[in-house]
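Have a look at the structure below before the remarks.
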Amino acid sequence: DLDGYQWFYEGRNGWWQYDERTSRDLESSFSRGDRIFEILVAGFLYTIDFDKMIQQRRNDPSRRRRIKRDLASIPKKGVAGLKTV
Ligand code: V3L
């Protein structure tokens with residue numbers, strides 16, 4: 001259970017929260033001790049690397065972002081590309 005925590009990926013000048021479903025899947029994967037996990041975003045596969053704490057597009061590793069697990073209450077840009085107003 002996330003219990004006040006959420007998963008975030010890096011934007012240009014701040015952090016985006018993962019969508020609710022992905023955040024839950026990341027939490028399950030992380031808490032069972034996986035080192036990597038794969039997610040699908042808009043038809044593209046991304047590898048989540050929990051050792052490096054990055055996400056990286058499978059077919060274009062230059063598309064790499066830092067990720068973090070942090071309190072849901074931190075300042076954020078929004079959720080999965082939808083800006084918080
Ligand atoms: N969830 C949703 N969209 C994503 C994710 C994800 N985990 N990863 C990448 N994208 P790349 P600013 C982001 C989107 O890494 O202004 C934000 O959500 C990504 O969206 O090069 O820089 C914003 O919508 C990007 O549009 O493979 O903070 C947008 O960037 C696209 O996939 C701008 O955010 C390619 O990302």
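Residue names in the structure tokens use chain letters A, B, ... in the order shown, residue numbers from 1 in each chain, and ligand numbers from 1 in the order shown.
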Per-residue nearest contacts of chain A to ligand 1 (10 Å; only C-alpha atoms and all ligand atoms) as JSON lines:
{"residue": "A:Trp7", "atom": "CA", "partner": "ligand 1", "partner_atom_place_in_ligand_line": "7 (N)", "distance": 9.5}
{"residue": "A:Phe8", "atom": "CA", "partner": "ligand 1", "partner_atom_place_in_ligand_line": "7 (N)", "distance": 8.0}
{"residue": "A:Tyr9", "atom": "CA", "partner": "ligand 1", "partner_atom_place_in_ligand_line": "7 (N)", "distance": 6.3}
{"residue": "A:Glu10", "atom": "CA", "partner": "ligand 1", "partner_atom_place_in_ligand_line": "28 (O)", "distance": 7.0}
{"residue": "A:Gly11", "atom": "CA", "partner": "ligand 1", "partner_atom_place_in_ligand_line": "28 (O)", "distance": 3.3}
{"residue": "A:Arg12", "atom": "CA", "partner": "ligand 1", "partner_atom_place_in_ligand_line": "22 (O)", "distance": 3.9}
{"residue": "A:Asn13", "atom": "CA", "partner": "ligand 1", "partner_atom_place_in_ligand_line": "28 (O)", "distance": 6.0}
{"residue": "A:Gly14", "atom": "CA", "partner": "ligand 1", "partner_atom_place_in_ligand_line": "28 (O)", "distance": 6.4}
{"residue": "A:Trp15", "atom": "CA", "partner": "ligand 1", "partner_atom_place_in_ligand_line": "28 (O)", "distance": 7.1}
{"residue": "A:Trp16", "atom": "CA", "partner": "ligand 1", "partner_atom_place_in_ligand_line": "18 (O)", "distance": 6.3}
{"residue": "A:Gln17", "atom": "CA", "partner": "ligand 1", "partner_atom_place_in_ligand_line": "1 (N)", "distance": 8.0}
{"residue": "A:Tyr18", "atom": "CA", "partner": "ligand 1", "partner_atom_place_in_ligand_line": "1 (N)", "distance": 5.6}
{"residue": "A:Asp19", "atom": "CA", "partner": "ligand 1", "partner_atom_place_in_ligand_line": "1 (N)", "distance": 6.8}
{"residue": "A:Thr22", "atom": "CA", "partner": "ligand 1", "partner_atom_place_in_ligand_line": "7 (N)", "distance": 8.0}
{"residue": "A:Ser23", "atom": "CA", "partner": "ligand 1", "partner_atom_place_in_ligand_line": "7 (N)", "distance": 9.3}
{"residue": "A:Ile39", "atom": "CA", "partner": "ligand 1", "partner_atom_place_in_ligand_line": "7 (N)", "distance": 7.9}
{"residue": "A:Leu40", "atom": "CA", "partner": "ligand 1", "partner_atom_place_in_ligand_line": "7 (N)", "distance": 8.3}
{"residue": "A:Val41", "atom": "CA", "partner": "ligand 1", "partner_atom_place_in_ligand_line": "6 (C)", "distance": 5.9}
{"residue": "A:Ala42", "atom": "CA", "partner": "ligand 1", "partner_atom_place_in_ligand_line": "32 (O)", "distance": 7.2}
{"residue": "A:Gly43", "atom": "CA", "partner": "ligand 1", "partner_atom_place_in_ligand_line": "32 (O)", "distance": 9.7}
{"residue": "A:Phe44", "atom": "CA", "partner": "ligand 1", "partner_atom_place_in_ligand_line": "27 (O)", "distance": 7.9}
{"residue": "A:Leu45", "atom": "CA", "partner": "ligand 1", "partner_atom_place_in_ligand_line": "27 (O)", "distance": 9.2}
{"residue": "A:Tyr46", "atom": "CA", "partner": "ligand 1", "partner_atom_place_in_ligand_line": "8 (N)", "distance": 7.8}
{"residue": "A:Ile48", "atom": "CA", "partner": "ligand 1", "partner_atom_place_in_ligand_line": "7 (N)", "distance": 9.4}
{"residue": "A:Gln55", "atom": "CA", "partner": "ligand 1", "partner_atom_place_in_ligand_line": "8 (N)", "distance": 7.6}
{"residue": "A:Gln56", "atom": "CA", "partner": "ligand 1", "partner_atom_place_in_ligand_line": "15 (O)", "distance": 7.0}
{"residue": "A:Arg57", "atom": "CA", "partner": "ligand 1", "partner_atom_place_in_ligand_line": "27 (O)", "distance": 5.7}
{"residue": "A:Arg58", "atom": "CA", "partner": "ligand 1", "partner_atom_place_in_ligand_line": "27 (O)", "distance": 9.3}
{"residue": "A:Asn59", "atom": "CA", "partner": "ligand 1", "partner_atom_place_in_ligand_line": "27 (O)", "distance": 9.7}
{"residue": "A:Asp60", "atom": "CA", "partner": "ligand 1", "partner_atom_place_in_ligand_line": "27 (O)", "distance": 7.9}
{"residue": "A:Pro61", "atom": "CA", "partner": "ligand 1", "partner_atom_place_in_ligand_line": "27 (O)", "distance": 8.7}
{"residue": "A:Ser62", "atom": "CA", "partner": "ligand 1", "partner_atom_place_in_ligand_line": "21 (O)", "distance": 8.0}
{"residue": "A:Arg63", "atom": "CA", "partner": "ligand 1", "partner_atom_place_in_ligand_line": "21 (O)", "distance": 4.5}
{"residue": "A:Arg64", "atom": "CA", "partner": "ligand 1", "partner_atom_place_in_ligand_line": "15 (O)", "distance": 5.6}
{"residue": "A:Arg65", "atom": "CA", "partner": "ligand 1", "partner_atom_place_in_ligand_line": "15 (O)", "distance": 6.1}
{"residue": "A:Arg66", "atom": "CA", "partner": "ligand 1", "partner_atom_place_in_ligand_line": "15 (O)", "distance": 9.6}
{"residue": "A:Ile67", "atom": "CA", "partner": "ligand 1", "partner_atom_place_in_ligand_line": "7 (N)", "distance": 9.0}
{"residue": "A:Lys76", "atom": "CA", "partner": "ligand 1", "partner_atom_place_in_ligand_line": "28 (O)", "distance": 9.7}
{"residue": "A:Lys77", "atom": "CA", "partner": "ligand 1", "partner_atom_place_in_ligand_line": "28 (O)", "distance": 6.9}
{"residue": "A:Gly78", "atom": "CA", "partner": "ligand 1", "partner_atom_place_in_ligand_line": "18 (O)", "distance": 8.1}
{"residue": "A:Val79", "atom": "CA", "partner": "ligand 1", "partner_atom_place_in_ligand_line": "18 (O)", "distance": 7.3}
{"residue": "A:Ala80", "atom": "CA", "partner": "ligand 1", "partner_atom_place_in_ligand_line": "2 (C)", "distance": 4.2}
{"residue": "A:Gly81", "atom": "CA", "partner": "ligand 1", "partner_atom_place_in_ligand_line": "18 (O)", "distance": 3.3}
{"residue": "A:Leu82", "atom": "CA", "partner": "ligand 1", "partner_atom_place_in_ligand_line": "24 (O)", "distance": 6.7}
{"residue": "A:Lys83", "atom": "CA", "partner": "ligand 1", "partner_atom_place_in_ligand_line": "24 (O)", "distance": 8.3}
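Close contacts of A:Arg35, defined as residues with an atom at most 10 Å away when counting only C-alpha atoms, with chain neighbours fewer than 6 positions off set aside, comprise Ser29, Ile48, Asp49, Phe50, Asp51, Lys52 and Met53 of chain A.
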Dump of N, CA, C and O atoms for the selected residues, as a compact mmCIF listing (two decimals), in the first residue's frame:
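Result written to selection09.txt:
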# COMPACT_ATOMS: atom_id res chain seq x y z
N SER A 29 5.68 -3.65 -7.49
CA SER A 29 6.91 -4.19 -8.02
C SER A 29 8.09 -3.87 -7.10
O SER A 29 8.90 -4.74 -6.76
N ILE A 48 11.60 0.59 -16.01
CA ILE A 48 11.85 1.26 -14.74
C ILE A 48 12.99 0.52 -14.06
O ILE A 48 12.91 -0.69 -13.86
N ASP A 49 14.05 1.24 -13.75
CA ASP A 49 15.20 0.64 -13.09
C ASP A 49 15.24 1.15 -11.64
O ASP A 49 15.55 2.33 -11.41
N PHE A 50 14.90 0.27 -10.71
CA PHE A 50 14.80 0.69 -9.30
C PHE A 50 16.18 0.85 -8.65
O PHE A 50 16.28 1.45 -7.58
N ASP A 51 17.22 0.29 -9.25
CA ASP A 51 18.57 0.53 -8.71
C ASP A 51 19.04 1.93 -9.09
O ASP A 51 19.53 2.68 -8.26
N LYS A 52 18.87 2.25 -10.37
CA LYS A 52 19.30 3.58 -10.85
C LYS A 52 18.25 4.64 -10.61
O LYS A 52 18.54 5.84 -10.73
N MET A 53 17.02 4.21 -10.29
CA MET A 53 15.87 5.11 -10.15
C MET A 53 15.70 6.00 -11.37
O MET A 53 15.69 7.23 -11.30
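Here atom CA of A:Asp34 is placed at a distance of 25.3 Å from atom CA of A:Ile74.
Note that atom CA of A:Lys68 and atom CA of A:Leu2 are 13.2 Å apart.
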| field | atom CA of A:Gly4 to atom CA of A:Leu71, distance in Å rounded to a single decimal | value |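 About the pair atom CA of A:Gly4 and atom CA of A:Leu71: they are 5.8 Å apart.
Backbone DSSP over stretch 6-38 of chain A gives alpha helix (DSSP H) for Glu20, Arg21, Thr22, Ser23, Arg24, Asp25, Leu26, Glu27, Ser28, Ser29, Phe30 and Ser31 of chain A.
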| request: Report the residues of chain A whose backbone DSSP state falls under strand (DSSP E), written as an MDAnalysis selection string. | output: chainID A and resid 5:11 14:17 36:41 44:49 54:57 60:71 78:79 82:83
| said: When you count only C-alpha atoms, which of these residues is closest to A:Ile54: A:Tyr5, A:Arg21, A:Phe37, A:Ala72? | reply: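 Of A:Tyr5, A:Arg21, A:Phe37, A:Ala72, the one nearest A:Ile54, counting only C-alpha atoms, is A:Phe37.
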